[in-house]
file model-v1.pdb (PDB, C-alpha atoms)
MODEL        1
ATOM      1  CA  MET A   1     104.466  81.380  97.618  1.00  0.00           C
ATOM      2  CA  ILE A   2     105.644  82.900  94.352  1.00  0.00           C
ATOM      3  CA  LYS A   3     107.022  86.424  94.346  1.00  0.00           C
ATOM      4  CA  VAL A   4     107.134  88.417  91.132  1.00  0.00           C
ATOM      5  CA  TYR A   5     109.707  91.145  90.489  1.00  0.00           C
ATOM      6  CA  LEU A   6     109.882  93.821  87.806  1.00  0.00           C
ATOM      7  CA  TYR A   7     112.894  95.883  86.768  1.00  0.00           C
ATOM      8  CA  ASN A   8     112.591  98.901  84.446  1.00  0.00           C
ATOM      9  CA  LEU A   9     115.576  99.157  82.088  1.00  0.00           C
ATOM     10  CA  ASP A  10     115.029 102.916  81.900  1.00  0.00           C
ATOM     11  CA  ASN A  11     116.579 103.002  85.378  1.00  0.00           C
ATOM     12  CA  LEU A  12     119.916 102.339  83.699  1.00  0.00           C
ATOM     13  CA  LYS A  13     119.834 105.772  82.049  1.00  0.00           C
ATOM     14  CA  ASP A  14     120.884 107.018  85.480  1.00  0.00           C
ATOM     15  CA  SER A  15     124.691 106.770  85.494  1.00  0.00           C
ATOM     16  CA  ASN A  16     124.821 105.894  89.202  1.00  0.00           C
ATOM     17  CA  GLU A  17     122.334 103.057  88.728  1.00  0.00           C
ATOM     18  CA  TYR A  18     124.221 101.828  85.655  1.00  0.00           C
ATOM     19  CA  MET A  19     127.508 101.658  87.577  1.00  0.00           C
ATOM     20  CA  TYR A  20     125.766 100.027  90.544  1.00  0.00           C
ATOM     21  CA  ARG A  21     124.335  97.278  88.328  1.00  0.00           C
ATOM     22  CA  GLN A  22     127.695  96.760  86.612  1.00  0.00           C
ATOM     23  CA  ARG A  23     129.321  96.214  90.003  1.00  0.00           C
ATOM     24  CA  GLN A  24     126.499  93.867  90.954  1.00  0.00           C
ATOM     25  CA  ALA A  25     126.942  91.864  87.736  1.00  0.00           C
ATOM     26  CA  ARG A  26     130.671  91.448  88.420  1.00  0.00           C
ATOM     27  CA  LYS A  27     130.039  90.484  92.040  1.00  0.00           C
ATOM     28  CA  GLU A  28     127.179  88.082  91.405  1.00  0.00           C
ATOM     29  CA  ARG A  29     128.704  86.474  88.299  1.00  0.00           C
ATOM     30  CA  ARG A  30     125.408  85.760  86.542  1.00  0.00           C
ATOM     31  CA  PRO A  31     125.575  82.456  84.629  1.00  0.00           C
ATOM     32  CA  ALA A  32     126.420  83.127  80.995  1.00  0.00           C
ATOM     33  CA  LEU A  33     123.543  80.983  79.769  1.00  0.00           C
ATOM     34  CA  LEU A  34     121.041  83.404  81.328  1.00  0.00           C
ATOM     35  CA  GLU A  35     122.269  86.165  79.054  1.00  0.00           C
ATOM     36  CA  TYR A  36     120.066  87.590  76.316  1.00  0.00           C
ATOM     37  CA  LYS A  37     122.534  87.320  73.459  1.00  0.00           C
ATOM     38  CA  ASP A  38     120.101  88.298  70.696  1.00  0.00           C
ATOM     39  CA  ALA A  39     118.735  91.465  72.279  1.00  0.00           C
ATOM     40  CA  GLY A  40     119.547  94.607  70.306  1.00  0.00           C
ATOM     41  CA  TYR A  41     120.867  96.226  73.453  1.00  0.00           C
ATOM     42  CA  LYS A  42     121.988  93.051  75.189  1.00  0.00           C
ATOM     43  CA  ASP A  43     124.339  94.663  77.717  1.00  0.00           C
ATOM     44  CA  ILE A  44     121.519  96.779  79.126  1.00  0.00           C
ATOM     45  CA  VAL A  45     119.108  93.832  79.160  1.00  0.00           C
ATOM     46  CA  ASN A  46     121.643  91.600  80.883  1.00  0.00           C
ATOM     47  CA  LEU A  47     122.153  94.165  83.636  1.00  0.00           C
ATOM     48  CA  GLY A  48     118.390  94.161  84.106  1.00  0.00           C
ATOM     49  CA  VAL A  49     118.373  90.370  84.205  1.00  0.00           C
ATOM     50  CA  THR A  50     121.044  90.484  86.898  1.00  0.00           C
ATOM     51  CA  ALA A  51     119.031  92.987  88.941  1.00  0.00           C
ATOM     52  CA  ALA A  52     115.803  90.969  88.745  1.00  0.00           C
ATOM     53  CA  PHE A  53     117.354  87.508  89.059  1.00  0.00           C
ATOM     54  CA  PHE A  54     119.407  88.163  92.169  1.00  0.00           C
ATOM     55  CA  LYS A  55     116.748  90.304  93.830  1.00  0.00           C
ATOM     56  CA  ALA A  56     114.388  87.338  93.511  1.00  0.00           C
ATOM     57  CA  LEU A  57     116.988  84.871  94.815  1.00  0.00           C
ATOM     58  CA  SER A  58     117.936  87.140  97.723  1.00  0.00           C
ATOM     59  CA  GLU A  59     114.658  86.051  99.372  1.00  0.00           C
ATOM     60  CA  TYR A  60     116.355  82.667  99.769  1.00  0.00           C
ATOM     61  CA  ASP A  61     119.791  84.055 100.732  1.00  0.00           C
ATOM     62  CA  ILE A  62     121.216  82.790  97.439  1.00  0.00           C
ATOM     63  CA  SER A  63     124.123  84.758  95.998  1.00  0.00           C
ATOM     64  CA  GLY A  64     125.947  84.569  92.695  1.00  0.00           C
ATOM     65  CA  ASN A  65     128.587  82.271  94.137  1.00  0.00           C
ATOM     66  CA  ASP A  66     125.845  79.758  94.988  1.00  0.00           C
ATOM     67  CA  VAL A  67     124.290  79.662  91.519  1.00  0.00           C
ATOM     68  CA  ASP A  68     124.935  76.592  89.417  1.00  0.00           C
ATOM     69  CA  LEU A  69     122.378  75.929  86.707  1.00  0.00           C
ATOM     70  CA  ILE A  70     121.112  72.740  85.136  1.00  0.00           C
ATOM     71  CA  TYR A  71     118.646  72.603  82.239  1.00  0.00           C
ATOM     72  CA  GLY A  72     115.496  70.650  81.488  1.00  0.00           C
ATOM     73  CA  LYS A  73     114.726  68.814  78.257  1.00  0.00           C
ATOM     74  CA  HIS A  74     113.652  71.998  76.483  1.00  0.00           C
ATOM     75  CA  GLY A  75     116.256  74.283  78.031  1.00  0.00           C
ATOM     76  CA  LYS A  76     114.413  75.552  81.100  1.00  0.00           C
ATOM     77  CA  PRO A  77     116.989  76.528  83.758  1.00  0.00           C
ATOM     78  CA  TYR A  78     116.983  75.238  87.336  1.00  0.00           C
ATOM     79  CA  LEU A  79     119.169  75.819  90.381  1.00  0.00           C
ATOM     80  CA  LYS A  80     121.323  72.716  90.763  1.00  0.00           C
ATOM     81  CA  ASN A  81     121.972  73.058  94.494  1.00  0.00           C
ATOM     82  CA  TYR A  82     118.513  74.337  95.462  1.00  0.00           C
ATOM     83  CA  SER A  83     116.004  71.802  94.202  1.00  0.00           C
ATOM     84  CA  ASP A  84     113.212  73.381  96.263  1.00  0.00           C
ATOM     85  CA  VAL A  85     113.632  76.874  94.769  1.00  0.00           C
ATOM     86  CA  TYR A  86     112.296  77.613  91.280  1.00  0.00           C
ATOM     87  CA  PHE A  87     112.554  80.696  89.103  1.00  0.00           C
ATOM     88  CA  ASN A  88     111.662  82.001  85.672  1.00  0.00           C
ATOM     89  CA  ILE A  89     112.600  85.144  83.722  1.00  0.00           C
ATOM     90  CA  SER A  90     111.089  87.111  80.852  1.00  0.00           C
ATOM     91  CA  HIS A  91     112.077  90.284  79.025  1.00  0.00           C
ATOM     92  CA  SER A  92     110.212  92.552  76.629  1.00  0.00           C
ATOM     93  CA  GLY A  93     110.646  96.203  75.754  1.00  0.00           C
ATOM     94  CA  LYS A  94     111.866  98.147  78.777  1.00  0.00           C
ATOM     95  CA  TYR A  95     111.040  95.516  81.414  1.00  0.00           C
ATOM     96  CA  VAL A  96     112.631  92.404  82.876  1.00  0.00           C
ATOM     97  CA  MET A  97     110.348  90.239  84.995  1.00  0.00           C
ATOM     98  CA  CYS A  98     111.506  87.454  87.294  1.00  0.00           C
ATOM     99  CA  ALA A  99     109.482  85.160  89.534  1.00  0.00           C
ATOM    100  CA  ALA A 100     110.819  82.849  92.236  1.00  0.00           C
ATOM    101  CA  GLY A 101     109.076  80.465  94.570  1.00  0.00           C
ATOM    102  CA  ASP A 102     108.581  76.975  95.916  1.00  0.00           C
ATOM    103  CA  MET A 103     107.086  75.333  92.819  1.00  0.00           C
ATOM    104  CA  GLU A 104     107.347  75.109  89.042  1.00  0.00           C
ATOM    105  CA  MET A 105     106.264  78.316  87.355  1.00  0.00           C
ATOM    106  CA  GLY A 106     106.380  80.271  84.131  1.00  0.00           C
ATOM    107  CA  VAL A 107     106.427  84.035  83.657  1.00  0.00           C
ATOM    108  CA  ASP A 108     105.954  86.077  80.518  1.00  0.00           C
ATOM    109  CA  ILE A 109     105.775  89.758  79.657  1.00  0.00           C
ATOM    110  CA  GLN A 110     104.923  91.141  76.218  1.00  0.00           C
ATOM    111  CA  GLU A 111     105.195  94.709  74.970  1.00  0.00           C
ATOM    112  CA  HIS A 112     102.166  95.759  72.923  1.00  0.00           C
ATOM    113  CA  VAL A 113     103.659  96.046  69.452  1.00  0.00           C
ATOM    114  CA  ASN A 114     101.502  97.211  66.558  1.00  0.00           C
ATOM    115  CA  HIS A 115     100.602  94.905  63.661  1.00  0.00           C
ATOM    116  CA  ARG A 116     101.338  91.649  65.475  1.00  0.00           C
ATOM    117  CA  ARG A 117      97.935  90.223  66.290  1.00  0.00           C
ATOM    118  CA  HIS A 118      97.563  88.755  62.782  1.00  0.00           C
ATOM    119  CA  ILE A 119      99.796  85.871  63.898  1.00  0.00           C
ATOM    120  CA  ALA A 120      96.938  84.716  66.132  1.00  0.00           C
ATOM    121  CA  LYS A 121      95.513  83.071  63.009  1.00  0.00           C
ATOM    122  CA  ARG A 122      98.547  80.780  62.962  1.00  0.00           C
ATOM    123  CA  PHE A 123      99.068  80.150  66.680  1.00  0.00           C
ATOM    124  CA  PHE A 124      95.612  80.469  68.266  1.00  0.00           C
ATOM    125  CA  SER A 125      92.435  78.448  67.858  1.00  0.00           C
ATOM    126  CA  GLU A 126      89.893  79.624  65.312  1.00  0.00           C
ATOM    127  CA  ASN A 127      87.521  80.770  68.068  1.00  0.00           C
ATOM    128  CA  GLU A 128      90.273  82.752  69.805  1.00  0.00           C
ATOM    129  CA  TYR A 129      91.301  84.369  66.541  1.00  0.00           C
ATOM    130  CA  LYS A 130      87.713  85.362  65.745  1.00  0.00           C
ATOM    131  CA  LYS A 131      87.220  86.762  69.238  1.00  0.00           C
ATOM    132  CA  ILE A 132      90.217  89.055  68.745  1.00  0.00           C
ATOM    133  CA  GLU A 133      89.282  90.096  65.215  1.00  0.00           C
ATOM    134  CA  ASN A 134      85.687  90.865  66.221  1.00  0.00           C
ATOM    135  CA  ILE A 135      86.893  93.683  68.485  1.00  0.00           C
ATOM    136  CA  CYS A 136      86.397  96.917  66.568  1.00  0.00           C
ATOM    137  CA  GLU A 137      88.993  99.020  68.400  1.00  0.00           C
ATOM    138  CA  PRO A 138      92.514  98.003  67.254  1.00  0.00           C
ATOM    139  CA  GLN A 139      94.106  98.931  70.589  1.00  0.00           C
ATOM    140  CA  LYS A 140      91.700  96.695  72.528  1.00  0.00           C
ATOM    141  CA  ALA A 141      92.167  93.880  70.014  1.00  0.00           C
ATOM    142  CA  ASP A 142      95.948  94.145  70.368  1.00  0.00           C
ATOM    143  CA  LYS A 143      95.657  94.064  74.154  1.00  0.00           C
ATOM    144  CA  LEU A 144      93.535  90.921  74.145  1.00  0.00           C
ATOM    145  CA  PHE A 145      95.971  89.235  71.753  1.00  0.00           C
ATOM    146  CA  PHE A 146      98.963  90.016  73.964  1.00  0.00           C
ATOM    147  CA  ASP A 147      97.057  89.117  77.146  1.00  0.00           C
ATOM    148  CA  MET A 148      96.274  85.704  75.686  1.00  0.00           C
ATOM    149  CA  TRP A 149      99.782  85.243  74.308  1.00  0.00           C
ATOM    150  CA  SER A 150     101.398  86.011  77.681  1.00  0.00           C
ATOM    151  CA  VAL A 151      99.109  83.500  79.426  1.00  0.00           C
ATOM    152  CA  LYS A 152      99.852  80.787  76.857  1.00  0.00           C
ATOM    153  CA  GLU A 153     103.580  81.415  77.049  1.00  0.00           C
ATOM    154  CA  SER A 154     103.597  81.448  80.857  1.00  0.00           C
ATOM    155  CA  TYR A 155     101.907  78.040  80.695  1.00  0.00           C
ATOM    156  CA  VAL A 156     104.394  76.409  78.310  1.00  0.00           C
ATOM    157  CA  LYS A 157     107.246  77.875  80.368  1.00  0.00           C
ATOM    158  CA  ALA A 158     105.733  76.429  83.546  1.00  0.00           C
ATOM    159  CA  THR A 159     105.374  72.998  81.965  1.00  0.00           C
ATOM    160  CA  GLY A 160     108.902  73.251  80.577  1.00  0.00           C
ATOM    161  CA  GLU A 161     107.771  72.768  76.974  1.00  0.00           C
ATOM    162  CA  GLY A 162     108.815  76.255  75.919  1.00  0.00           C
ATOM    163  CA  ILE A 163     107.612  77.914  72.750  1.00  0.00           C
ATOM    164  CA  GLY A 164     107.714  74.534  71.015  1.00  0.00           C
ATOM    165  CA  GLY A 165     104.471  73.649  72.769  1.00  0.00           C
ATOM    166  CA  SER A 166     101.452  74.105  70.521  1.00  0.00           C
ATOM    167  CA  PHE A 167      99.650  77.325  71.385  1.00  0.00           C
ATOM    168  CA  LYS A 168      96.569  76.073  69.535  1.00  0.00           C
ATOM    169  CA  ASP A 169      96.209  73.278  72.099  1.00  0.00           C
ATOM    170  CA  ILE A 170      96.069  75.825  74.934  1.00  0.00           C
ATOM    171  CA  GLY A 171      92.712  77.518  75.304  1.00  0.00           C
ATOM    172  CA  VAL A 172      92.632  80.766  77.296  1.00  0.00           C
ATOM    173  CA  ILE A 173      89.590  82.272  78.989  1.00  0.00           C
ATOM    174  CA  ILE A 174      90.031  85.738  80.511  1.00  0.00           C
ATOM    175  CA  SER A 175      87.039  87.115  82.412  1.00  0.00           C
ATOM    176  CA  GLU A 176      86.182  90.798  82.636  1.00  0.00           C
ATOM    177  CA  ASP A 177      87.648  90.977  86.151  1.00  0.00           C
ATOM    178  CA  GLY A 178      90.978  89.591  84.896  1.00  0.00           C
ATOM    179  CA  MET A 179      90.603  86.033  86.181  1.00  0.00           C
ATOM    180  CA  VAL A 180      92.307  83.477  83.953  1.00  0.00           C
ATOM    181  CA  ASN A 181      91.399  79.874  83.211  1.00  0.00           C
ATOM    182  CA  ALA A 182      93.037  77.606  80.672  1.00  0.00           C
ATOM    183  CA  LEU A 183      92.382  74.345  78.898  1.00  0.00           C
ATOM    184  CA  TYR A 184      94.793  71.953  77.258  1.00  0.00           C
ATOM    185  CA  LYS A 185      93.229  70.087  74.333  1.00  0.00           C
ATOM    186  CA  ASN A 186      89.824  71.199  75.677  1.00  0.00           C
ATOM    187  CA  ILE A 187      90.466  69.782  79.159  1.00  0.00           C
ATOM    188  CA  PRO A 188      90.702  72.288  82.064  1.00  0.00           C
ATOM    189  CA  VAL A 189      94.179  72.450  83.589  1.00  0.00           C
ATOM    190  CA  SER A 190      94.890  72.648  87.317  1.00  0.00           C
ATOM    191  CA  TYR A 191      97.543  75.305  86.818  1.00  0.00           C
ATOM    192  CA  VAL A 192      96.972  78.684  88.482  1.00  0.00           C
ATOM    193  CA  PHE A 193      97.373  81.985  86.613  1.00  0.00           C
ATOM    194  CA  LYS A 194      97.758  85.618  87.595  1.00  0.00           C
ATOM    195  CA  LYS A 195      97.534  88.378  85.005  1.00  0.00           C
ATOM    196  CA  TYR A 196      99.037  91.829  85.515  1.00  0.00           C
ATOM    197  CA  GLU A 197      97.996  95.222  84.174  1.00  0.00           C
ATOM    198  CA  ILE A 198     101.065  97.225  83.093  1.00  0.00           C
ATOM    199  CA  PRO A 199     100.497 100.172  80.726  1.00  0.00           C
ATOM    200  CA  GLY A 200     101.541  99.118  77.222  1.00  0.00           C
ATOM    201  CA  TYR A 201     102.335  95.541  78.292  1.00  0.00           C
ATOM    202  CA  SER A 202     100.711  92.210  79.066  1.00  0.00           C
ATOM    203  CA  ALA A 203     102.175  89.946  81.726  1.00  0.00           C
ATOM    204  CA  ALA A 204     101.207  86.675  83.364  1.00  0.00           C
ATOM    205  CA  VAL A 205     102.526  84.119  85.819  1.00  0.00           C
ATOM    206  CA  CYS A 206     101.516  80.460  85.787  1.00  0.00           C
ATOM    207  CA  ALA A 207     102.017  78.140  88.775  1.00  0.00           C
ATOM    208  CA  CYS A 208     101.787  74.367  88.472  1.00  0.00           C
ATOM    209  CA  ALA A 209      99.664  74.009  91.640  1.00  0.00           C
ATOM    210  CA  PRO A 210      97.490  76.241  93.823  1.00  0.00           C
ATOM    211  CA  SER A 211      99.746  78.887  95.293  1.00  0.00           C
ATOM    212  CA  GLU A 212      99.700  82.494  96.369  1.00  0.00           C
ATOM    213  CA  ILE A 213     101.210  84.657  93.637  1.00  0.00           C
ATOM    214  CA  SER A 214     102.285  88.137  94.708  1.00  0.00           C
ATOM    215  CA  GLU A 215     101.471  91.428  93.126  1.00  0.00           C
ATOM    216  CA  ILE A 216     104.367  92.924  91.193  1.00  0.00           C
ATOM    217  CA  ILE A 217     107.303  93.968  93.367  1.00  0.00           C
ATOM    218  CA  VAL A 218     109.079  96.858  91.634  1.00  0.00           C
ATOM    219  CA  ILE A 219     112.866  96.820  91.997  1.00  0.00           C
ATOM    220  CA  ASN A 220     114.011 100.328  92.758  1.00  0.00           C
ATOM    221  CA  LYS A 221     117.349 101.898  91.911  1.00  0.00           C
ATOM    222  CA  HIS A 222     120.313 100.671  93.964  1.00  0.00           C
ATOM    223  CA  GLN A 223     118.146  97.930  95.492  1.00  0.00           C
TER     224      GLN A 223
ENDMDL
END

call {"tool": "encode", "arguments": {"input": "model-v1.pdb", "output": "C-alpha coordinates"}}
result
Amino acid sequence: MIKVYLYNLDNLKDSNEYMYRQRQARKERRPALLEYKDAGYKDIVNLGVTAAFFKALSEYDISGNDVDLIYGKHGKPYLKNYSDVYFNISHSGKYVMCAAGDMEMGVDIQEHVNHRRHIAKRFFSENEYKKIENICEPQKADKLFFDMWSVKESYVKATGEGIGGSFKDIGVIISEDGMVNALYKNIPVSYVFKKYEIPGYSAAVCACAPSEISEIIVINKHQ
(Lines of atoms letter the chains of each structure in order from A and count residues from 1; the text may use other names and numbers.)
(Lines give C-alpha, C1' and ligand atoms only; values in the text may rest on other atoms or scores of the structure.)
Protein backbone atom coordinates (compact mmCIF):
# COMPACT_ATOMS: atom_id res chain seq x y z
CA MET A 1 0.00 0.00 0.00
CA ILE A 2 1.07 3.58 -0.66
CA LYS A 3 0.25 6.25 1.89
CA VAL A 4 0.21 9.89 0.88
CA TYR A 5 0.95 12.72 3.32
CA LEU A 6 0.44 16.46 3.02
CA TYR A 7 2.00 19.20 5.13
CA ASN A 8 0.82 22.83 4.96
CA LEU A 9 3.72 25.27 5.31
CA ASP A 10 1.32 27.84 6.74
CA ASN A 11 1.47 25.76 9.92
CA LEU A 12 4.95 27.17 10.45
CA LYS A 13 3.52 30.64 11.05
CA ASP A 14 2.66 29.28 14.49
CA SER A 15 5.79 29.87 16.59
CA ASN A 16 5.27 26.68 18.62
CA GLU A 17 4.99 24.59 15.45
CA TYR A 18 8.04 26.30 13.96
CA MET A 19 10.16 25.49 17.03
CA TYR A 20 8.79 21.94 17.11
CA ARG A 21 9.80 21.35 13.49
CA GLN A 22 13.24 22.89 14.08
CA ARG A 23 13.81 20.45 16.94
CA GLN A 24 12.58 17.62 14.74
CA ALA A 25 14.96 18.62 11.93
CA ARG A 26 17.92 18.60 14.33
CA LYS A 27 16.88 15.27 15.82
CA GLU A 28 16.11 13.51 12.55
CA ARG A 29 19.09 14.92 10.64
CA ARG A 30 17.40 15.01 7.23
CA PRO A 31 19.88 14.15 4.46
CA ALA A 32 21.26 17.35 2.94
CA LEU A 33 20.51 16.18 -0.59
CA LEU A 34 16.77 16.22 0.17
CA GLU A 35 16.91 19.94 0.79
CA TYR A 36 15.22 22.40 -1.55
CA LYS A 37 18.15 24.73 -2.08
CA ASP A 38 16.52 26.86 -4.79
CA ALA A 39 13.26 27.62 -2.99
CA GLY A 40 12.79 31.30 -2.23
CA TYR A 41 12.02 30.44 1.37
CA LYS A 42 14.11 27.29 1.56
CA ASP A 43 14.35 27.07 5.36
CA ILE A 44 10.57 26.94 5.68
CA VAL A 45 10.25 24.44 2.83
CA ASN A 46 12.94 22.21 4.30
CA LEU A 47 11.15 22.11 7.65
CA GLY A 48 8.05 21.02 5.76
CA VAL A 49 10.05 18.37 3.93
CA THR A 50 11.30 17.09 7.27
CA ALA A 51 7.76 16.94 8.66
CA ALA A 52 6.37 15.06 5.65
CA PHE A 53 9.37 12.80 5.04
CA PHE A 54 9.71 11.46 8.56
CA LYS A 55 5.97 11.20 9.15
CA ALA A 56 5.81 8.94 6.09
CA LEU A 57 8.81 6.87 7.22
CA SER A 58 7.47 6.55 10.77
CA GLU A 59 4.99 3.98 9.38
CA TYR A 60 8.04 1.75 8.94
CA ASP A 61 9.71 2.70 12.25
CA ILE A 62 12.49 4.46 10.33
CA SER A 63 14.14 7.39 12.07
CA GLY A 64 16.66 9.96 10.91
CA ASN A 65 19.55 7.92 12.24
CA ASP A 66 18.50 5.06 9.94
CA VAL A 67 18.35 7.13 6.75
CA ASP A 68 21.14 6.66 4.25
CA LEU A 69 20.28 7.61 0.69
CA ILE A 70 21.47 6.30 -2.65
CA TYR A 71 20.45 7.76 -6.01
CA GLY A 72 19.25 6.33 -9.30
CA LYS A 73 20.58 7.21 -12.74
CA HIS A 74 18.54 10.41 -12.92
CA GLY A 75 18.90 11.39 -9.28
CA LYS A 76 15.86 9.71 -7.74
CA PRO A 77 16.58 9.02 -4.05
CA TYR A 78 16.21 5.61 -2.39
CA LEU A 79 16.72 4.30 1.13
CA LYS A 80 19.99 2.35 1.09
CA ASN A 81 19.21 0.08 4.03
CA TYR A 82 15.51 -0.43 3.28
CA SER A 83 15.28 -1.76 -0.25
CA ASP A 84 11.62 -2.71 0.24
CA VAL A 85 10.50 0.80 1.26
CA TYR A 86 10.07 3.50 -1.40
CA PHE A 87 9.25 7.18 -1.11
CA ASN A 88 8.86 10.31 -3.19
CA ILE A 89 8.47 14.01 -2.34
CA SER A 90 7.06 17.07 -4.09
CA HIS A 91 6.66 20.71 -3.11
CA SER A 92 4.68 23.56 -4.61
CA GLY A 93 3.30 26.75 -3.10
CA LYS A 94 2.32 26.18 0.52
CA TYR A 95 2.32 22.36 0.43
CA VAL A 96 4.82 19.54 0.75
CA MET A 97 3.57 16.11 -0.30
CA CYS A 98 5.31 12.83 0.47
CA ALA A 99 4.29 9.28 -0.40
CA ALA A 100 5.80 6.08 0.96
CA GLY A 101 5.03 2.46 0.27
CA ASP A 102 6.12 -0.96 -0.89
CA MET A 103 6.75 -0.19 -4.57
CA GLU A 104 8.19 2.38 -6.96
CA MET A 105 6.10 5.53 -7.08
CA GLY A 106 6.08 9.16 -8.12
CA VAL A 107 4.22 12.06 -6.52
CA ASP A 108 3.67 15.57 -7.80
CA ILE A 109 1.80 18.64 -6.63
CA GLN A 110 1.39 21.83 -8.65
CA GLU A 111 0.05 25.19 -7.52
CA HIS A 112 -2.31 26.74 -10.08
CA VAL A 113 -0.26 29.69 -11.30
CA ASN A 114 -1.74 32.09 -13.84
CA HIS A 115 -0.35 32.39 -17.38
CA ARG A 116 1.46 29.04 -17.40
CA ARG A 117 -0.69 26.82 -19.56
CA HIS A 118 0.84 28.22 -22.77
CA ILE A 119 3.83 25.93 -22.19
CA ALA A 120 1.54 22.99 -22.98
CA LYS A 121 2.23 23.79 -26.64
CA ARG A 122 5.87 22.88 -26.05
CA PHE A 123 5.53 19.93 -23.66
CA PHE A 124 2.17 18.33 -24.49
CA SER A 125 0.87 16.61 -27.61
CA GLU A 126 -1.01 18.70 -30.14
CA ASN A 127 -4.32 17.05 -29.18
CA GLU A 128 -3.73 17.72 -25.47
CA TYR A 129 -2.83 21.33 -26.17
CA LYS A 130 -5.96 21.84 -28.28
CA LYS A 131 -8.14 20.23 -25.62
CA ILE A 132 -6.87 22.74 -23.05
CA GLU A 133 -7.13 25.75 -25.35
CA ASN A 134 -10.67 24.84 -26.41
CA ILE A 135 -11.91 25.39 -22.85
CA CYS A 136 -13.49 28.84 -22.77
CA GLU A 137 -13.12 29.50 -19.03
CA PRO A 138 -9.45 30.32 -18.23
CA GLN A 139 -9.68 28.92 -14.69
CA LYS A 140 -10.94 25.55 -15.96
CA ALA A 141 -8.31 25.51 -18.70
CA ASP A 142 -5.58 26.20 -16.14
CA LYS A 143 -6.88 23.41 -13.92
CA LEU A 144 -6.85 20.85 -16.72
CA PHE A 145 -3.32 21.89 -17.68
CA PHE A 146 -2.03 21.46 -14.13
CA ASP A 147 -3.99 18.22 -13.64
CA MET A 148 -2.33 16.78 -16.73
CA TRP A 149 1.09 18.14 -15.81
CA SER A 150 0.95 16.61 -12.31
CA VAL A 151 -0.01 13.21 -13.77
CA LYS A 152 2.80 13.33 -16.34
CA GLU A 153 5.34 14.38 -13.74
CA SER A 154 4.22 11.71 -11.26
CA TYR A 155 4.78 9.17 -14.04
CA VAL A 156 8.32 10.25 -14.94
CA LYS A 157 9.17 10.37 -11.23
CA ALA A 158 7.82 6.84 -10.78
CA THR A 159 9.86 5.55 -13.71
CA GLY A 160 12.91 7.41 -12.43
CA GLU A 161 13.34 9.40 -15.65
CA GLY A 162 12.59 12.72 -13.98
CA ILE A 163 11.68 15.85 -15.90
CA GLY A 164 14.10 14.80 -18.64
CA GLY A 165 11.51 12.31 -19.83
CA SER A 166 9.54 13.60 -22.81
CA PHE A 167 6.13 14.81 -21.70
CA LYS A 168 4.92 14.65 -25.31
CA ASP A 169 5.39 10.87 -25.26
CA ILE A 170 3.07 10.56 -22.25
CA GLY A 171 -0.60 10.78 -23.12
CA VAL A 172 -3.00 11.56 -20.27
CA ILE A 173 -6.71 10.77 -20.20
CA ILE A 174 -8.69 12.14 -17.24
CA SER A 175 -12.35 11.13 -17.07
CA GLU A 176 -15.08 13.29 -15.59
CA ASP A 177 -15.06 11.23 -12.39
CA GLY A 178 -11.32 11.84 -11.95
CA MET A 179 -10.07 8.45 -13.11
CA VAL A 180 -6.69 8.63 -14.82
CA ASN A 181 -5.24 6.52 -17.62
CA ALA A 182 -1.97 7.11 -19.43
CA LEU A 183 -0.20 6.02 -22.58
CA TYR A 184 3.47 6.04 -23.42
CA LYS A 185 4.11 6.52 -27.14
CA ASN A 186 0.43 5.64 -27.70
CA ILE A 187 0.68 2.35 -25.79
CA PRO A 188 -1.35 2.05 -22.54
CA VAL A 189 0.85 1.78 -19.45
CA SER A 190 0.21 -0.58 -16.54
CA TYR A 191 1.01 2.11 -14.00
CA VAL A 192 -1.76 3.12 -11.58
CA PHE A 193 -2.67 6.76 -10.91
CA LYS A 194 -4.62 8.61 -8.25
CA LYS A 195 -5.53 12.26 -8.67
CA TYR A 196 -6.36 14.55 -5.75
CA GLU A 197 -8.62 17.59 -5.53
CA ILE A 198 -6.96 20.33 -3.45
CA PRO A 199 -8.31 23.89 -3.83
CA GLY A 200 -5.88 25.86 -6.01
CA TYR A 201 -3.64 22.83 -6.63
CA SER A 202 -3.35 19.70 -8.74
CA ALA A 203 -1.75 16.58 -7.30
CA ALA A 204 -1.23 13.01 -8.44
CA VAL A 205 0.47 9.80 -7.36
CA CYS A 206 1.66 7.14 -9.79
CA ALA A 207 2.43 3.55 -8.73
CA CYS A 208 4.37 1.16 -10.93
CA ALA A 209 1.96 -1.75 -10.31
CA PRO A 210 -1.60 -2.21 -9.06
CA SER A 211 -1.69 -1.00 -5.48
CA GLU A 212 -3.99 0.68 -3.02
CA ILE A 213 -3.16 4.38 -2.83
CA SER A 214 -4.51 6.20 0.22
CA GLU A 215 -6.47 9.39 0.36
CA ILE A 216 -4.42 12.35 1.55
CA ILE A 217 -3.32 12.12 5.17
CA VAL A 218 -2.97 15.66 6.53
CA ILE A 219 -0.07 16.14 8.95
CA ASN A 220 -1.29 18.21 11.85
CA LYS A 221 0.75 20.55 14.03
CA HIS A 222 3.14 18.86 16.46
CA GLN A 223 2.46 15.49 14.82

call {"tool": "residues_around", "arguments": {"input": "model-v1.pdb", "residues": "A:Val156", "least_positions_apart": "3", "cutoff": "12 Å", "atoms": "only C-alpha atoms", "output": "JSON, numbers by chain"}}
result
{"A": [74, 76, 88, 104, 105, 106, 107, 108, 149, 150, 151, 152, 153, 159, 160, 161, 162, 163, 164, 165, 166, 167, 168, 169, 170, 182, 184, 191, 204, 205, 206, 207, 208]}

call {"tool": "atom_distance", "arguments": {"input": "model-v1.pdb", "atom1": "atom CA of A:Ile213", "atom2": "atom CA of A:Lys3"}}
result
6.1 Å

call {"tool": "closest_atom_pairs", "arguments": {"input": "model-v1.pdb", "of": "stretch 86-142 of chain A", "to": "stretch 53-59 of chain A", "cutoff": "7 Å", "atoms": "all atoms listed in the file", "output": "CSV"}}
result
residue,atom,partner,partner_atom,distance
A:Cys98,CA,A:Phe53,CA,6.1
A:Ala99,CA,A:Ala56,CA,6.7
A:Ala100,CA,A:Ala56,CA,5.9

call {"tool": "resolve_selection", "arguments": {"input": "model-v1.pdb", "expression": "the PyMOL selection byres ((chain A and resi 5) around 6)", "output": "PyMOL selection string"}}
result
chain A and resi 4+6+97-98+216-218

call {"tool": "residues_around", "arguments": {"input": "model-v1.pdb", "residues": "A:Pro77", "least_positions_apart": "3", "cutoff": "10 Å", "atoms": "only C-alpha atoms", "output": "CSV table (one decimal) with C-alpha atoms, keeping the file's coordinate frame"}}
result
chain,number,residue,atom,x,y,z
A,33,LEU,CA,123.5,81.0,79.8
A,34,LEU,CA,121.0,83.4,81.3
A,68,ASP,CA,124.9,76.6,89.4
A,69,LEU,CA,122.4,75.9,86.7
A,70,ILE,CA,121.1,72.7,85.1
A,71,TYR,CA,118.6,72.6,82.2
A,72,GLY,CA,115.5,70.6,81.5
A,73,LYS,CA,114.7,68.8,78.3
A,74,HIS,CA,113.7,72.0,76.5
A,80,LYS,CA,121.3,72.7,90.8
A,86,TYR,CA,112.3,77.6,91.3
A,87,PHE,CA,112.6,80.7,89.1
A,88,ASN,CA,111.7,82.0,85.7
A,89,ILE,CA,112.6,85.1,83.7
A,160,GLY,CA,108.9,73.3,80.6
